[in-house]
Structures are given as structure tokens and as C-alpha cells.
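Enquirer: To start, I am sharing the structure in question, which I have written as C-alpha cells.
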Amino acid sequence: MGRMDAIALQVRDGETVEFRPTGSSMVPLVRSGNLVTVVPVDPARLEVGDIVLARVAGTVYLHLVSALDPARRRVQISNNRGRVNGWTGFDRVFGICVAVEGAARPGALVKAAAEPSDD
């Protein structure tokens with residue numbers, strides 16, 4: 001299991017995770033080595049332009065939601081350079097990026113998954 005797979009599991013299990021992704025596919029939104037904060041997400045609340053942690057065709061990406069298909073409960077994931085990674089189901093969208101280098105991503109936090117209640 002790779003580093004991104006382990007992070008996806010943590011987020012899927014309800015944890016808020018901070019990490020430093022590498023690569024240039026999300027510049028200028030996320031630069032290689034930037035500290036990002038990812039929280040569990042309610043995929044039904046996603047919008048085009050959200051940065052999510054998702055598995056597409058076996059690979060975990062921190063990429064953009066580029067299209068939505070709510071009827072089929074899926075999203076299209078792309079990088080910030082125009083490359084489409086593909087469609088993935090809501091069940092494989094683990095988290096949403098709520099901050100980059102401490103700067104909040106507008107509107108992202110309200111899309112976080114509800115905390116499980118103790119009832």
C-alpha cells in the first residue's frame with residue numbers, strides 16, 4: 001500500500017489528515033510540498049472545482065472535481081492542467097481539501113461529512 005492509499009484510508013475512517021502532496025499537476029491551486037488539510041466529505045455536496053481525495057482506476061489522487069453525475073452517484077476527477085483521470089463513484093471519494101498552507105478553501109468545510117453521533 002502506498003502513501004496516498006494510507007492517507008485515503010485514514011480519511012475514509014473519519015480522520016482529518018494533513019500531508020504534503022508532491023507533483024505539479026495541481027499548480028497553482030496546490031504546489032508540490034504544500035501542506036494540505038483533508039477532511040471526510042459528503043460526496044452529495046460536491047461541486048465542480050472542489051479539490052478531493054479520490055480513487056480513480058486504482059490510483060488515489062488529490063485532484064479536482066471536473067464534472068458531476070448525481071443520478072449515477074459519481075464524479076469526474078481531473079488535474080488542474082486539463083487531464084481527465086476518469087469517473088469514480090461517490091464511495092471512492094474519501095475527502096475534500098479544506099485548506100492549503102493554512103489558507104481555507106472557500107466553501108469546502110460545509111461539504112464535510114457529518115460527524116457520527118454518540119446516540
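Naming scheme: A, B, ... for chains in displayed order of the C-alpha cells; residues 1 onward per chain; ligands 1 onward as shown.
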Do a neighbour search on A:Phe94 at 7 Å with only C-alpha atoms, toss out local chain neighbours closer than 6 positions, and write the hits as a list in words.
Expert: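 Here the answer would be Ala8, Val11, Arg12, Pro40, Val41, Leu53 and Ala54 of chain A.
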Enquirer: So that I have them on file, write out the residues from the current selection with C-alpha atoms, as a PDB file, in the first residue's frame.
Expert:
```pdb
ATOM      1  CA  ALA A   8      -7.210   7.730   1.904  1.00  0.00           C
ATOM      2  CA  VAL A  11      -9.777   9.967   5.819  1.00  0.00           C
ATOM      3  CA  ARG A  12     -12.308   7.243   4.967  1.00  0.00           C
ATOM      4  CA  PRO A  40     -14.044  13.339   5.215  1.00  0.00           C
ATOM      5  CA  VAL A  41     -16.585  14.548   2.659  1.00  0.00           C
ATOM      6  CA  LEU A  53      -9.022  12.884  -2.349  1.00  0.00           C
ATOM      7  CA  ALA A  54     -10.415  10.118  -4.552  1.00  0.00           C
TER       8      ALA A  54
END
```
Enquirer: Please report as a tab-separated table every residue of stretch 8-66 of chain A lying within 8 Å of stretch 72-82 of chain A, along with the nearest atom pair and their distance in Å (one decimal), using only C-alpha atoms.
Expert:
```
residue	atom	partner	partner_atom	distance
A:Ser25	CA	A:Asn79	CA	5.6
A:Met26	CA	A:Asn80	CA	4.7
A:Val27	CA	A:Asn80	CA	6.7
A:Leu29	CA	A:Asn80	CA	7.8
A:Ala44	CA	A:Arg73	CA	7.8
A:Ala54	CA	A:Ile77	CA	7.9
A:Val56	CA	A:Ile77	CA	7.6
A:His63	CA	A:Asn79	CA	5.2
A:Leu64	CA	A:Ser78	CA	5.3
A:Val65	CA	A:Ile77	CA	4.9
A:Ser66	CA	A:Gln76	CA	5.4
```
Enquirer: Of the candidates A:Asn85, A:Ser32, A:Ala99, A:Leu9, which one gets nearest to A:Thr59 if we count only C-alpha atoms?
Expert: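 Counting only C-alpha atoms, the residue closest to A:Thr59 is A:Asn85.
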Enquirer: DSSP on the backbone, then: every residue of chain A marked alpha helix (DSSP H), written as a compact mmCIF listing (two decimals) with C-alpha atoms, in the first residue's frame.
Expert:
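Result went into result38.txt, see below:
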```
# COMPACT_ATOMS: atom_id res chain seq x y z
CA ARG A 3 1.37 6.64 0.97
CA MET A 4 -1.73 8.07 -0.73
CA ASP A 5 -3.63 4.81 -0.16
CA ALA A 6 -2.82 5.02 3.57
CA ILE A 7 -3.98 8.65 3.71
CA ALA A 8 -7.21 7.73 1.90
CA LEU A 9 -7.90 5.01 4.48
CA GLN A 10 -7.38 7.45 7.35
CA VAL A 11 -9.78 9.97 5.82
CA ARG A 12 -12.31 7.24 4.97
```
Enquirer: Any idea what the distance is between atom CA of A:Ala104 and atom CA of A:Gly58?
Expert: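 Answer for the atom CA of A:Ala104 to atom CA of A:Gly58 separation: 28.8 Å.
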Enquirer: Please measure the separation of atom CA of A:Arg45 and atom CA of A:Val30, giving the value in Å to one decimal.
Expert: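 Calculated distance between atom CA of A:Arg45 and atom CA of A:Val30 is 21.7 Å.
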Enquirer: For A:Val60, which of A:Gly86, A:Gly14, A:Pro43, A:Gly107 is the closest residue, counting only C-alpha atoms?
Expert: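 Among the listed residues, the smallest separation from A:Val60 belongs to A:Gly86.
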Enquirer: For A:Val110, work out the shell of residues within 10 Å, counting only C-alpha atoms and skipping chain neighbours fewer than 2 positions away, then give it as a list of chain:residue names.
Expert: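 So the residues in contact are A:Val41, A:Asp42, A:Arg45, A:Leu46, A:Val98, A:Pro106, A:Gly107, A:Ala108, A:Ala112, A:Ala113, A:Ala114.
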Enquirer: Residues of chain A in strand (DSSP E) according to DSSP, as a count of residues only?
Expert: 46
Enquirer: Write out as a ChimeraX atom specification each polymer residue whose atoms come within 6 Å of A:Gly33, counting only C-alpha atoms; drop sequence neighbours fewer than 5 positions from it.
Expert: /A:20-22
Enquirer: Print the selection's residues with N, CA and C atoms to a file, as a PDB file, in the first residue's frame.
Expert:
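result.pdb was written with the following content:
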```
ATOM      1  N   ARG A  20       1.681  16.545   2.708  1.00  0.00           N
ATOM      2  CA  ARG A  20       2.318  17.364   1.679  1.00  0.00           C
ATOM      3  C   ARG A  20       2.406  16.562   0.381  1.00  0.00           C
ATOM      4  N   PRO A  21       1.436  16.746  -0.522  1.00  0.00           N
ATOM      5  CA  PRO A  21       1.479  16.020  -1.783  1.00  0.00           C
ATOM      6  C   PRO A  21       2.637  16.517  -2.653  1.00  0.00           C
ATOM      7  N   THR A  22       3.068  15.677  -3.571  1.00  0.00           N
ATOM      8  CA  THR A  22       4.131  16.054  -4.491  1.00  0.00           C
ATOM      9  C   THR A  22       3.605  16.004  -5.923  1.00  0.00           C
TER      10      THR A  22
END
```
